[in-house]
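Colleague: I'm passing along work.txt; it holds compact mmCIF, C-alpha atoms and all ligand atoms.
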```txt
# COMPACT_ATOMS: atom_id res chain seq x y z
CA MET A 1 -63.38 25.81 72.25
CA THR A 2 -60.76 23.44 70.85
CA THR A 3 -57.41 25.12 70.38
CA LYS A 4 -55.89 25.21 66.94
CA PRO A 5 -53.00 22.80 66.36
CA ASN A 6 -49.48 24.25 66.34
CA TRP A 7 -49.04 23.66 62.60
CA PHE A 8 -52.00 25.90 61.75
CA ASP A 9 -51.06 29.51 61.14
CA THR A 10 -54.05 31.42 62.49
CA ARG A 11 -53.08 34.36 60.24
CA ILE A 12 -54.67 32.56 57.29
CA GLU A 13 -57.77 31.36 59.14
CA ASP A 14 -59.96 34.36 58.33
CA ALA A 15 -58.93 34.27 54.68
CA LEU A 16 -59.86 30.59 54.42
CA LEU A 17 -63.18 31.15 56.18
CA ALA A 18 -63.98 34.04 53.85
CA HIS A 19 -62.99 32.16 50.69
CA GLN A 20 -66.25 31.06 49.03
CA SER A 21 -65.43 30.20 45.43
CA PRO A 22 -67.79 27.65 43.83
CA ASP A 23 -64.82 26.51 41.72
CA ASP A 24 -62.98 25.38 44.83
CA GLU A 25 -65.68 23.18 46.34
CA GLN A 26 -63.66 20.11 45.36
CA GLY A 27 -60.61 21.08 47.45
CA TYR A 28 -57.71 23.54 47.01
CA PHE A 29 -54.16 24.22 48.19
CA VAL A 30 -52.87 27.35 49.92
CA TYR A 31 -49.22 28.19 50.58
CA GLN A 32 -48.45 30.78 53.26
CA LEU A 33 -45.61 32.68 51.58
CA ASP A 34 -44.91 35.09 54.46
CA ASP A 35 -44.31 32.10 56.74
CA LEU A 36 -42.23 30.39 54.08
CA LYS A 37 -40.03 33.46 53.67
CA GLU A 38 -39.41 33.72 57.43
CA HIS A 39 -38.61 30.01 57.65
CA LEU A 40 -36.17 30.11 54.72
CA GLU A 41 -34.39 33.13 56.14
CA GLN A 42 -33.82 31.20 59.36
CA LEU A 43 -32.40 28.25 57.42
CA GLN A 44 -29.96 30.61 55.71
CA GLN A 45 -28.60 32.09 58.93
CA GLN A 46 -25.47 29.96 58.87
CA ASP A 47 -22.36 29.60 56.74
CA VAL A 48 -21.79 25.86 57.07
CA ILE A 49 -24.08 24.47 54.36
CA LYS A 50 -24.96 25.49 50.83
CA LEU A 51 -28.69 24.96 50.42
CA TRP A 52 -30.47 23.61 47.37
CA PHE A 53 -34.23 23.16 46.99
CA ALA A 54 -35.35 19.74 45.73
CA VAL A 55 -37.90 21.01 43.21
CA LYS A 56 -39.93 17.78 43.24
CA ALA A 57 -41.27 18.74 46.69
CA ASN A 58 -43.20 21.68 45.18
CA PRO A 59 -42.57 23.11 41.70
CA LEU A 60 -45.14 25.94 41.87
CA SER A 61 -43.75 29.17 40.36
CA LYS A 62 -44.41 31.27 43.48
CA ILE A 63 -42.72 28.69 45.71
CA ILE A 64 -39.63 28.60 43.48
CA GLN A 65 -39.54 32.41 43.40
CA THR A 66 -39.66 32.57 47.20
CA LEU A 67 -36.79 30.08 47.50
CA ASP A 68 -34.88 32.08 44.90
CA SER A 69 -35.23 35.31 46.91
CA ALA A 70 -34.02 33.44 49.99
CA GLY A 71 -30.83 32.50 48.16
CA PHE A 72 -31.54 28.81 47.59
CA ASN A 73 -30.18 26.95 44.58
CA PHE A 74 -32.19 24.30 42.73
CA ASP A 75 -31.98 20.54 42.42
CA VAL A 76 -33.91 19.37 39.36
CA ALA A 77 -34.49 15.79 38.24
CA SER A 78 -36.34 16.20 34.94
CA ALA A 79 -36.55 18.42 31.88
CA GLY A 80 -39.88 19.73 33.17
CA GLU A 81 -38.43 20.79 36.51
CA LEU A 82 -35.51 22.47 34.75
CA ALA A 83 -37.84 24.37 32.41
CA GLN A 84 -39.94 25.53 35.37
CA VAL A 85 -36.90 26.80 37.30
CA LEU A 86 -35.47 28.60 34.24
CA ALA A 87 -38.90 30.11 33.53
CA GLN A 88 -38.65 31.90 36.91
CA GLY A 89 -35.56 33.72 35.65
CA ILE A 90 -33.10 31.63 37.64
CA SER A 91 -29.65 31.21 36.15
CA PRO A 92 -28.69 27.65 35.14
CA ASP A 93 -25.49 28.23 37.18
CA ARG A 94 -27.66 27.72 40.24
CA VAL A 95 -29.12 24.39 39.10
CA LEU A 96 -27.89 20.89 39.74
CA ASN A 97 -29.22 17.79 38.07
CA THR A 98 -29.91 14.57 40.02
CA GLY A 99 -31.91 11.49 39.03
CA PRO A 100 -31.42 7.90 37.92
CA ALA A 101 -32.75 8.34 34.37
CA LYS A 102 -30.42 10.76 32.64
CA SER A 103 -30.10 9.68 29.03
CA LYS A 104 -27.33 11.08 26.82
CA LYS A 105 -30.02 13.07 25.07
CA GLN A 106 -31.17 14.64 28.32
CA LEU A 107 -27.60 15.37 29.44
CA THR A 108 -26.98 17.11 26.10
CA ALA A 109 -30.10 19.22 26.51
CA PHE A 110 -29.17 20.20 30.09
CA VAL A 111 -25.62 21.15 29.05
CA ASN A 112 -27.01 23.20 26.16
CA LEU A 113 -29.33 25.03 28.57
CA GLY A 114 -26.32 26.00 30.70
CA VAL A 115 -26.48 23.51 33.58
CA LYS A 116 -22.96 23.05 34.99
CA THR A 117 -23.47 20.80 38.01
CA PHE A 118 -24.36 17.14 37.73
CA VAL A 119 -24.87 14.35 40.26
CA VAL A 120 -23.94 11.29 38.22
CA GLU A 121 -25.67 8.03 39.18
CA SER A 122 -24.19 5.38 36.85
CA LEU A 123 -21.09 4.56 34.83
CA ASN A 124 -23.09 5.24 31.66
CA GLN A 125 -24.08 8.70 32.89
CA LEU A 126 -20.41 9.45 33.55
CA THR A 127 -19.33 8.29 30.08
CA TRP A 128 -22.19 10.11 28.35
CA LEU A 129 -21.58 13.39 30.16
CA ASN A 130 -17.88 13.22 29.29
CA GLU A 131 -18.80 12.56 25.63
CA VAL A 132 -21.28 15.43 25.55
CA ILE A 133 -18.65 17.87 26.84
CA THR A 134 -16.07 16.53 24.37
CA GLU A 135 -18.51 16.87 21.47
CA GLN A 136 -19.41 20.45 22.45
CA GLY A 137 -15.73 21.43 22.43
CA THR A 138 -15.89 24.85 23.95
CA VAL A 139 -17.98 24.54 27.09
CA GLU A 140 -16.31 24.72 30.48
CA ARG A 141 -15.86 21.57 32.55
CA PRO A 142 -18.99 20.82 34.59
CA THR A 143 -18.79 20.08 38.31
CA VAL A 144 -19.56 16.40 38.83
CA LEU A 145 -20.53 14.57 42.00
CA LEU A 146 -20.72 10.78 42.05
CA ARG A 147 -23.76 9.39 43.84
CA VAL A 148 -22.84 6.61 46.24
CA GLN A 149 -25.16 3.99 47.70
CA LEU A 150 -23.78 2.36 50.84
CA GLN A 151 -24.73 -0.91 52.47
CA TRP A 152 -23.70 -2.17 55.85
CA PRO A 153 -23.11 -5.91 56.29
CA ASP A 154 -25.62 -7.66 58.57
CA GLY A 155 -24.60 -7.71 62.16
CA GLU A 156 -22.58 -4.53 61.91
CA LYS A 157 -24.00 -1.28 63.17
CA ASN A 158 -26.50 -0.54 60.47
CA PRO A 159 -27.58 3.10 60.52
CA LEU A 160 -30.16 2.67 57.78
CA GLY A 161 -31.97 -0.21 59.42
CA GLY A 162 -32.06 -2.09 56.15
CA ASN A 163 -30.11 -2.46 52.95
CA SER A 164 -32.87 -2.18 50.38
CA LEU A 165 -31.37 -1.68 46.97
CA THR A 166 -32.48 1.36 44.95
CA PRO A 167 -31.57 2.75 41.50
CA PHE A 168 -30.00 5.84 43.13
CA GLY A 169 -26.26 5.89 42.58
CA LEU A 170 -23.79 3.01 42.73
CA SER A 171 -21.93 0.97 45.30
CA VAL A 172 -18.38 1.86 46.31
CA GLN A 173 -17.19 -1.28 44.45
CA GLU A 174 -18.67 -0.04 41.15
CA TRP A 175 -17.26 3.48 41.55
CA GLN A 176 -13.86 1.99 42.29
CA LYS A 177 -13.71 0.97 38.61
CA VAL A 178 -13.33 4.66 37.78
CA GLN A 179 -10.24 6.86 37.83
CA VAL A 180 -11.02 10.55 37.83
CA SER A 181 -8.14 11.21 35.44
CA ASP A 182 -9.91 9.12 32.78
CA TYR A 183 -12.50 11.91 32.42
CA PRO A 184 -10.45 15.01 31.64
CA ASN A 185 -13.49 16.98 30.48
CA LEU A 186 -15.27 16.65 33.81
CA ASP A 187 -14.37 18.24 37.12
CA ILE A 188 -15.20 15.24 39.29
CA CYS A 189 -14.75 16.72 42.74
CA GLY A 190 -17.62 15.59 44.94
CA LEU A 191 -19.67 12.75 46.33
CA HIS A 192 -23.42 12.63 46.88
CA ILE A 193 -25.15 10.32 49.30
CA PHE A 194 -28.81 10.28 50.26
CA GLN A 195 -30.67 7.12 51.21
CA TRP A 196 -32.90 7.94 54.18
CA GLY A 197 -36.29 9.60 54.59
CA ASN A 198 -38.17 11.83 57.02
CA MET A 199 -35.57 11.66 59.80
CA LEU A 200 -36.82 13.22 63.04
CA SER A 201 -33.90 12.58 65.37
CA ASN A 202 -30.81 14.78 65.44
CA GLU A 203 -28.83 12.01 67.14
CA LYS A 204 -29.72 9.47 64.46
CA MET A 205 -28.90 11.84 61.61
CA TYR A 206 -25.57 12.72 63.12
CA SER A 207 -24.68 9.07 63.64
CA LEU A 208 -25.76 8.26 60.06
CA TRP A 209 -23.74 11.10 58.55
CA GLY A 210 -20.77 10.32 60.78
CA GLN A 211 -20.59 6.71 59.60
CA MET A 212 -20.42 7.82 55.99
CA VAL A 213 -17.32 9.92 56.28
CA ALA A 214 -14.81 7.04 56.34
CA PRO A 215 -16.16 5.03 53.37
CA LEU A 216 -16.62 8.19 51.29
CA THR A 217 -13.21 9.72 51.94
CA SER A 218 -11.51 6.40 51.23
CA LEU A 219 -13.46 6.00 47.97
CA ALA A 220 -12.37 9.48 46.88
CA ASN A 221 -8.81 8.55 47.68
CA ASP A 222 -9.02 5.24 45.74
CA ILE A 223 -10.23 6.88 42.54
CA GLY A 224 -7.86 9.84 42.62
CA MET A 225 -10.47 12.43 43.53
CA GLU A 226 -9.72 15.49 45.56
CA LEU A 227 -12.93 15.54 47.61
CA LYS A 228 -14.08 19.16 47.67
CA ILE A 229 -17.86 18.78 47.89
CA LEU A 230 -20.03 16.48 49.95
CA ASP A 231 -23.75 16.54 49.16
CA LEU A 232 -25.90 14.86 51.82
CA GLY A 233 -29.22 15.17 49.95
CA GLY A 234 -32.44 15.72 51.91
CA GLY A 235 -34.52 13.57 54.23
CA LEU A 236 -34.85 16.04 57.12
CA GLY A 237 -38.14 15.14 58.69
CA ILE A 238 -41.52 16.69 59.38
CA ASP A 239 -43.57 15.54 62.37
CA TYR A 240 -46.60 14.42 60.34
CA LEU A 241 -47.87 12.18 63.15
CA ASN A 242 -47.57 14.88 65.80
CA GLU A 243 -45.27 12.76 67.95
CA GLY A 244 -43.63 15.82 69.47
CA LYS A 245 -40.42 15.13 67.57
CA GLN A 246 -38.77 18.07 65.90
CA LEU A 247 -35.33 18.38 64.36
CA SER A 248 -33.30 21.25 65.75
CA TRP A 249 -31.81 23.24 62.88
CA GLN A 250 -29.19 24.73 65.21
CA GLN A 251 -28.10 21.22 66.12
CA ILE A 252 -27.97 20.18 62.47
CA ILE A 253 -25.69 23.11 61.73
CA ALA A 254 -23.42 22.21 64.64
CA ASP A 255 -23.36 18.53 63.61
CA LEU A 256 -22.67 19.33 59.98
CA ALA A 257 -19.85 21.71 60.88
CA ASP A 258 -18.33 18.68 62.54
CA ILE A 259 -18.93 16.40 59.51
CA LYS A 260 -17.43 19.07 57.27
CA ALA A 261 -14.28 19.20 59.38
CA GLN A 262 -14.04 15.39 59.61
CA SER A 263 -14.34 14.93 55.87
CA GLY A 264 -12.10 17.90 55.06
CA VAL A 265 -14.38 19.19 52.29
CA GLU A 266 -14.62 22.80 51.18
CA GLU A 267 -18.36 22.69 50.67
CA LEU A 268 -21.17 20.78 52.29
CA TRP A 269 -24.49 20.74 50.44
CA LEU A 270 -28.04 19.79 51.42
CA GLU A 271 -30.98 19.46 49.04
CA LEU A 272 -34.02 20.27 51.16
CA GLY A 273 -37.48 19.24 50.08
CA ARG A 274 -40.09 18.89 52.80
CA PHE A 275 -37.99 20.58 55.48
CA ALA A 276 -38.05 23.76 53.39
CA VAL A 277 -41.66 23.89 52.21
CA ALA A 278 -43.97 21.36 53.94
CA GLU A 279 -45.04 23.66 56.77
CA CYS A 280 -46.18 26.53 54.58
CA GLY A 281 -48.86 24.49 52.80
CA TYR A 282 -52.50 23.70 53.56
CA TYR A 283 -55.09 21.68 51.74
CA VAL A 284 -58.73 22.69 52.29
CA VAL A 285 -61.55 20.30 51.41
CA PRO A 286 -65.28 20.04 52.20
CA VAL A 287 -66.98 17.11 53.88
CA VAL A 288 -69.53 15.49 51.55
CA ASP A 289 -70.90 12.78 53.83
CA ARG A 290 -70.70 11.39 57.35
CA LYS A 291 -71.83 7.94 58.37
CA MET A 292 -71.43 5.26 61.03
CA ASN A 293 -70.27 1.91 59.69
CA TYR A 294 -69.65 -1.12 61.94
CA ALA A 295 -69.16 1.18 64.95
CA GLN A 296 -66.68 3.38 63.07
CA GLU A 297 -67.43 7.02 62.28
CA GLN A 298 -66.57 7.76 58.66
CA LEU A 299 -66.20 11.04 56.79
CA VAL A 300 -66.20 11.17 52.99
CA LEU A 301 -64.54 14.24 51.47
CA ALA A 302 -64.97 15.93 48.10
CA ALA A 303 -61.40 14.90 47.21
CA GLY A 304 -58.80 12.53 48.58
CA ILE A 305 -55.79 10.87 47.01
CA ASN A 306 -56.69 12.47 43.67
CA HIS A 307 -55.38 15.68 45.27
CA ILE A 308 -53.09 14.43 48.08
CA ILE A 309 -51.91 10.85 47.71
CA ARG A 310 -49.04 10.88 50.19
CA PRO A 311 -50.97 9.48 53.21
CA ALA A 312 -52.02 6.42 51.21
CA ILE A 313 -48.54 5.54 49.98
CA THR A 314 -46.61 6.27 53.17
CA GLU A 315 -49.16 5.52 55.92
CA GLN A 316 -48.34 8.95 57.31
CA PRO A 317 -51.50 11.07 57.32
CA PHE A 318 -51.29 14.83 57.06
CA PRO A 319 -52.60 16.34 60.32
CA VAL A 320 -56.14 17.73 60.11
CA THR A 321 -58.27 20.39 61.77
CA LEU A 322 -61.82 21.69 61.36
CA LEU A 323 -62.08 25.10 59.67
CA ARG A 324 -64.36 26.67 62.31
CA SER A 325 -64.55 26.81 66.06
CA SER A 326 -66.20 23.97 67.91
CA THR A 327 -66.76 23.25 71.58
CA ALA A 328 -67.59 19.60 70.92
CA PRO A 329 -65.33 16.87 72.31
CA SER A 330 -63.06 15.15 69.80
CA GLN A 331 -63.38 11.68 68.43
CA VAL A 332 -61.62 9.61 65.81
CA PHE A 333 -62.90 9.40 62.24
CA ASP A 334 -61.87 7.35 59.25
CA ILE A 335 -61.38 10.00 56.57
CA HIS A 336 -61.96 8.93 52.98
CA GLY A 337 -61.90 10.57 49.55
CA PRO A 338 -64.35 10.08 46.66
CA LEU A 339 -62.45 7.50 44.57
CA CYS A 340 -63.93 4.04 44.22
CA THR A 341 -60.91 2.28 45.70
CA SER A 342 -60.18 1.50 49.34
CA MET A 343 -56.78 3.15 48.83
CA ASP A 344 -58.48 6.52 48.96
CA LYS A 345 -58.07 7.16 52.68
CA LEU A 346 -56.44 10.24 54.22
CA GLY A 347 -56.22 8.94 57.76
CA HIS A 348 -57.79 7.83 61.02
CA LEU A 349 -57.76 11.16 62.81
CA SER A 350 -59.40 13.15 65.60
CA LEU A 351 -61.90 15.90 64.88
CA PRO A 352 -64.65 17.59 66.90
CA ASP A 353 -67.65 15.32 67.23
CA ASP A 354 -69.99 17.87 65.63
CA VAL A 355 -68.18 17.84 62.26
CA GLY A 356 -70.72 17.39 59.49
CA VAL A 357 -71.67 17.68 55.84
CA ASP A 358 -70.44 20.95 54.23
CA ASP A 359 -67.90 21.60 56.95
CA LYS A 360 -64.41 22.23 55.63
CA LEU A 361 -61.32 20.41 56.84
CA VAL A 362 -57.80 21.82 56.65
CA PHE A 363 -54.84 19.46 56.33
CA GLY A 364 -51.39 20.70 57.37
CA TYR A 365 -47.80 20.17 56.12
CA CYS A 366 -49.17 20.02 52.55
CA GLY A 367 -46.56 22.39 51.10
CA ALA A 368 -44.43 19.40 50.04
CA TYR A 369 -45.47 16.30 48.09
CA GLY A 370 -49.04 17.52 47.60
CA PHE A 371 -50.41 18.69 44.27
CA THR A 372 -47.81 17.18 41.90
CA GLU A 373 -47.36 13.88 43.71
CA SER A 374 -51.02 12.91 43.45
CA MET A 375 -53.20 10.97 40.99
CA PRO A 376 -55.62 13.62 39.78
CA PHE A 377 -57.05 11.84 36.74
CA PHE A 378 -58.52 8.71 38.27
CA LEU A 379 -62.34 8.87 38.21
CA CYS A 380 -62.34 12.16 36.31
CA HIS A 381 -62.47 14.63 39.16
CA GLN A 382 -61.49 18.28 39.09
CA LEU A 383 -57.85 19.40 39.34
CA ALA A 384 -57.22 21.37 42.54
CA ALA A 385 -56.59 25.11 42.54
CA GLU A 386 -53.40 26.46 44.12
CA TYR A 387 -53.32 29.76 45.99
CA VAL A 388 -50.66 31.68 47.82
CA PHE A 389 -51.35 33.75 50.91
CA GLN A 390 -49.25 36.86 50.96
CA ALA A 391 -49.61 40.16 52.83
CA GLY A 392 -53.03 39.18 54.12
CA ALA A 393 -54.60 38.06 50.85
CA LEU A 394 -55.27 34.84 48.97
CA ILE A 395 -53.93 35.04 45.41
CA GLU A 396 -54.84 32.40 42.85
CA VAL A 397 -51.84 30.94 41.00
CA ARG A 398 -53.56 27.96 39.37
CA PRO A 399 -57.33 27.89 38.90
CA ALA A 400 -59.25 24.68 39.47
CA GLN A 401 -59.77 22.78 36.20
CA PRO A 402 -62.70 20.50 35.37
CA ALA A 403 -62.14 16.98 34.00
CA THR A 404 -63.03 18.27 30.52
CA SER A 405 -59.72 20.17 30.54
CA TYR A 406 -57.72 16.93 30.38
CA LEU A 407 -60.05 14.24 29.02
CA ALA A 408 -59.61 13.33 25.37
C1 LIG B 1 -36.46 13.93 46.99
C2 LIG B 1 -35.06 14.35 47.04
C3 LIG B 1 -34.63 15.30 47.98
C4 LIG B 1 -35.54 15.92 49.00
O1 LIG B 1 -36.04 15.00 49.92
P1 LIG B 1 -36.83 15.47 51.24
O2 LIG B 1 -37.05 14.22 51.97
O3 LIG B 1 -38.07 16.12 50.82
O4 LIG B 1 -35.91 16.41 51.96
C5 LIG B 1 -33.31 15.69 47.95
N1 LIG B 1 -32.44 15.18 47.05
C6 LIG B 1 -32.80 14.27 46.14
C7 LIG B 1 -31.79 13.75 45.18
C8 LIG B 1 -34.11 13.82 46.11
O5 LIG B 1 -34.48 12.90 45.21
```
Would you mind writing the file's structure down as structure tokens?

Modeller:
Amino acid sequence: MTTKPNWFDTRIEDALLAHQSPDDEQGYFVYQLDDLKEHLEQLQQQDVIKLWFAVKANPLSKIIQTLDSAGFNFDVASAGELAQVLAQGISPDRVLNTGPAKSKKQLTAFVNLGVKTFVVESLNQLTWLNEVITEQGTVERPTVLLRVQLQWPDGEKNPLGGNSLTPFGLSVQEWQKVQVSDYPNLDICGLHIFQWGNMLSNEKMYSLWGQMVAPLTSLANDIGMELKILDLGGGLGIDYLNEGKQLSWQQIIADLADIKAQSGVEELWLELGRFAVAECGYYVVPVVDRKMNYAQEQLVLAAGINHIIRPAITEQPFPVTLLRSSTAPSQVFDIHGPLCTSMDKLGHLSLPDDVGVDDKLVFGYCGAYGFTESMPFFLCHQLAAEYVFQAGALIEVRPAQPATSYLA
């Protein structure tokens, strides 16, 4: 019998095998909340970093509630994410607002809803936020972090391996046009920097963070800021490709204690997305067809990038396993979804050779960047259901919805 991969929590296996809802024959998500809770508690066993949850990774109510009970705060980047966090009863004191598209109108709405912490990403955002606070008169000064985007000249040690320009934050040169004292209604006391993704090496992360301390502390100095908060964003990796690479959280804590001391800040913040929630999630989907094509075995599934698009846009497949025991040897399949575009491919992955029509596959690490990152409307398929697994039972949070629910 093939052994189950290490990302598969066998505690949910029986529940998935027993789950026979006709509504879910197009694929559904399950989040293992008991596992999530244990994982978050481990992340909180330290007093070096204040942890925020990047809501874009998974905005499901039950996920947010679990992060809330584990003492996480919330990083939101849209009015919708803010509304969802507030709807879970979370105080706006525990929300920070990031994102490159904050209009004055949006900033006003966030201030009115009680948000007091802003990561500002442009000179306009800084001016607008200051104006909003001035116009409101009575509200207390919000905590403001300036988002910095660094580049390293060619030839110098370049920790990012590339200087691709993004709309996130501003260069040191642009921020140097600012003096903190010009914005008396804002408590500008921190810097935010985050321009890497899915890092799987502790050494590389430490070297990256370490090289940011000097430019950031000197920027703070230049603009008259007392640097109290450093926010290093997210980007802590998940081993999607099963390369045997795993970040050590203990090492991250030790490294960040060092960065905190070097930069002399009072608070160090991280906004975790995938590192917090990826592992708790599974996506279950039936096989609709199997065929051999030009010497390649192909599987066609009931859903693909309409429910989980991430493999197609990152070339990192989610790992897969068969939802039943099999003694057959493994072989590699091209795994496709139902959309009439060659983009709809979930990977080139190993499965037991006896996998066939009506078998169910389970994809792992789908707790982050799954349901809400996808393209569910193309070709008018069904929207996926979302379940949580808690205390031994599957509980439906979002039922599957047919195309008629969104077509006009
Ligand atoms: C997406 C995002 C994160 C989380 O990223 P992960 O790679 O999932 O950890 C954190 N902060 C900001 C500002 C983001 O946009």

Colleague: Would you write out, as CSV, a table of all residues in chain A that have an atom no more than 7 Å from an atom of ligand LIG 1 (chain B), listing for each the closest atom pair and the distance in Å to one decimal, considering all atoms listed in the file and ordering rows by chain and rising residue number?

Modeller:
```
residue,atom,partner,partner_atom,distance
A:Ala54,CA,B:LIG1,C3,5.0
A:Lys56,CA,B:LIG1,C1,6.4
A:Ala57,CA,B:LIG1,O3,5.8
A:Thr98,CA,B:LIG1,C7,5.6
A:Gly99,CA,B:LIG1,C7,6.6
A:Phe194,CA,B:LIG1,C7,6.8
A:Gly197,CA,B:LIG1,O2,5.4
A:Asn198,CA,B:LIG1,O2,5.7
A:Gly233,CA,B:LIG1,N1,4.3
A:Gly234,CA,B:LIG1,O4,3.5
A:Gly235,CA,B:LIG1,O2,3.5
A:Leu236,CA,B:LIG1,O4,5.3
A:Gly237,CA,B:LIG1,O2,6.9
A:Glu271,CA,B:LIG1,C5,4.6
A:Leu272,CA,B:LIG1,O4,4.4
A:Gly273,CA,B:LIG1,O3,3.3
A:Arg274,CA,B:LIG1,O3,4.0
A:Phe275,CA,B:LIG1,O4,5.8
```

Colleague: Between A:Trp269, A:Phe371, A:Trp175, A:Tyr406, which one has atoms that come closest to Pro59 (chain A), using all atoms listed in the file?

Modeller: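 Using all atoms listed in the file, Pro59 (chain A) sits closest to A:Phe371.
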
Colleague: Taking all atoms listed in the file into account, name the residue in A:Val30, A:Ala368, A:Leu82, A:Ala254 that is nearest to Tyr283 (chain A).

Modeller: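 Once distances to Tyr283 (chain A) are computed over all atoms listed in the file, the minimum belongs to A:Val30.
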
Colleague: What lies within 8 Å of Gly370 (chain A) using only C-alpha atoms, ignoring chain neighbours under 2 positions off, as a PyMOL selection string?

Modeller: chain A and resi 57-58+307-310+366-368+372-374

Colleague: Expressed in Å to a single decimal, how great is the separation between CA of Ile305 (chain A) and CA of Asp344 (chain A)?

Modeller: 5.5 Å

Colleague: Have region 183-188 of chain A completed to all heavy atoms, please, and pass it along as a PDB file, keeping the file's coordinate frame.

Modeller:
```
ATOM      1  N   TYR A 183     -11.429  11.024  32.907  1.00  0.00           N
ATOM      2  CA  TYR A 183     -12.500  11.910  32.420  1.00  0.00           C
ATOM      3  C   TYR A 183     -12.019  13.357  32.445  1.00  0.00           C
ATOM      4  O   TYR A 183     -12.476  14.165  33.254  1.00  0.00           O
ATOM      5  CB  TYR A 183     -13.761  11.732  33.270  1.00  0.00           C
ATOM      6  CG  TYR A 183     -14.252  10.309  33.282  1.00  0.00           C
ATOM      7  CD1 TYR A 183     -13.753   9.394  34.222  1.00  0.00           C
ATOM      8  CD2 TYR A 183     -15.170   9.854  32.340  1.00  0.00           C
ATOM      9  CE1 TYR A 183     -14.172   8.070  34.214  1.00  0.00           C
ATOM     10  CE2 TYR A 183     -15.597   8.536  32.331  1.00  0.00           C
ATOM     11  CZ  TYR A 183     -15.089   7.653  33.269  1.00  0.00           C
ATOM     12  OH  TYR A 183     -15.503   6.346  33.260  1.00  0.00           O
ATOM     13  N   PRO A 184     -11.086  13.689  31.560  1.00  0.00           N
ATOM     14  CA  PRO A 184     -10.450  15.010  31.640  1.00  0.00           C
ATOM     15  C   PRO A 184     -11.413  16.172  31.390  1.00  0.00           C
ATOM     16  O   PRO A 184     -11.116  17.296  31.783  1.00  0.00           O
ATOM     17  CB  PRO A 184      -9.376  14.945  30.533  1.00  0.00           C
ATOM     18  CG  PRO A 184      -9.825  13.846  29.624  1.00  0.00           C
ATOM     19  CD  PRO A 184     -10.568  12.862  30.455  1.00  0.00           C
ATOM     20  N   ASN A 185     -12.555  15.882  30.769  1.00  0.00           N
ATOM     21  CA  ASN A 185     -13.490  16.980  30.480  1.00  0.00           C
ATOM     22  C   ASN A 185     -14.473  17.249  31.611  1.00  0.00           C
ATOM     23  O   ASN A 185     -15.330  18.120  31.489  1.00  0.00           O
ATOM     24  CB  ASN A 185     -14.254  16.700  29.192  1.00  0.00           C
ATOM     25  CG  ASN A 185     -13.309  16.729  28.005  1.00  0.00           C
ATOM     26  OD1 ASN A 185     -12.399  17.556  27.958  1.00  0.00           O
ATOM     27  ND2 ASN A 185     -13.504  15.810  27.074  1.00  0.00           N
ATOM     28  N   LEU A 186     -14.349  16.467  32.678  1.00  0.00           N
ATOM     29  CA  LEU A 186     -15.270  16.650  33.810  1.00  0.00           C
ATOM     30  C   LEU A 186     -14.458  17.021  35.050  1.00  0.00           C
ATOM     31  O   LEU A 186     -13.378  16.472  35.274  1.00  0.00           O
ATOM     32  CB  LEU A 186     -16.041  15.352  34.086  1.00  0.00           C
ATOM     33  CG  LEU A 186     -16.786  14.721  32.904  1.00  0.00           C
ATOM     34  CD1 LEU A 186     -17.481  13.431  33.360  1.00  0.00           C
ATOM     35  CD2 LEU A 186     -17.809  15.694  32.316  1.00  0.00           C
ATOM     36  N   ASP A 187     -14.996  17.923  35.840  1.00  0.00           N
ATOM     37  CA  ASP A 187     -14.370  18.240  37.120  1.00  0.00           C
ATOM     38  C   ASP A 187     -15.063  17.390  38.202  1.00  0.00           C
ATOM     39  O   ASP A 187     -16.032  17.827  38.824  1.00  0.00           O
ATOM     40  CB  ASP A 187     -14.523  19.741  37.407  1.00  0.00           C
ATOM     41  CG  ASP A 187     -13.849  20.135  38.719  1.00  0.00           C
ATOM     42  OD1 ASP A 187     -13.031  19.341  39.237  1.00  0.00           O
ATOM     43  OD2 ASP A 187     -14.147  21.234  39.220  1.00  0.00           O
ATOM     44  N   ILE A 188     -14.574  16.176  38.346  1.00  0.00           N
ATOM     45  CA  ILE A 188     -15.200  15.240  39.290  1.00  0.00           C
ATOM     46  C   ILE A 188     -14.604  15.515  40.667  1.00  0.00           C
ATOM     47  O   ILE A 188     -13.485  15.109  40.969  1.00  0.00           O
ATOM     48  CB  ILE A 188     -14.946  13.773  38.867  1.00  0.00           C
ATOM     49  CG1 ILE A 188     -15.378  13.569  37.407  1.00  0.00           C
ATOM     50  CG2 ILE A 188     -15.682  12.813  39.789  1.00  0.00           C
ATOM     51  CD1 ILE A 188     -15.047  12.186  36.852  1.00  0.00           C
TER      52      ILE A 188
END
```
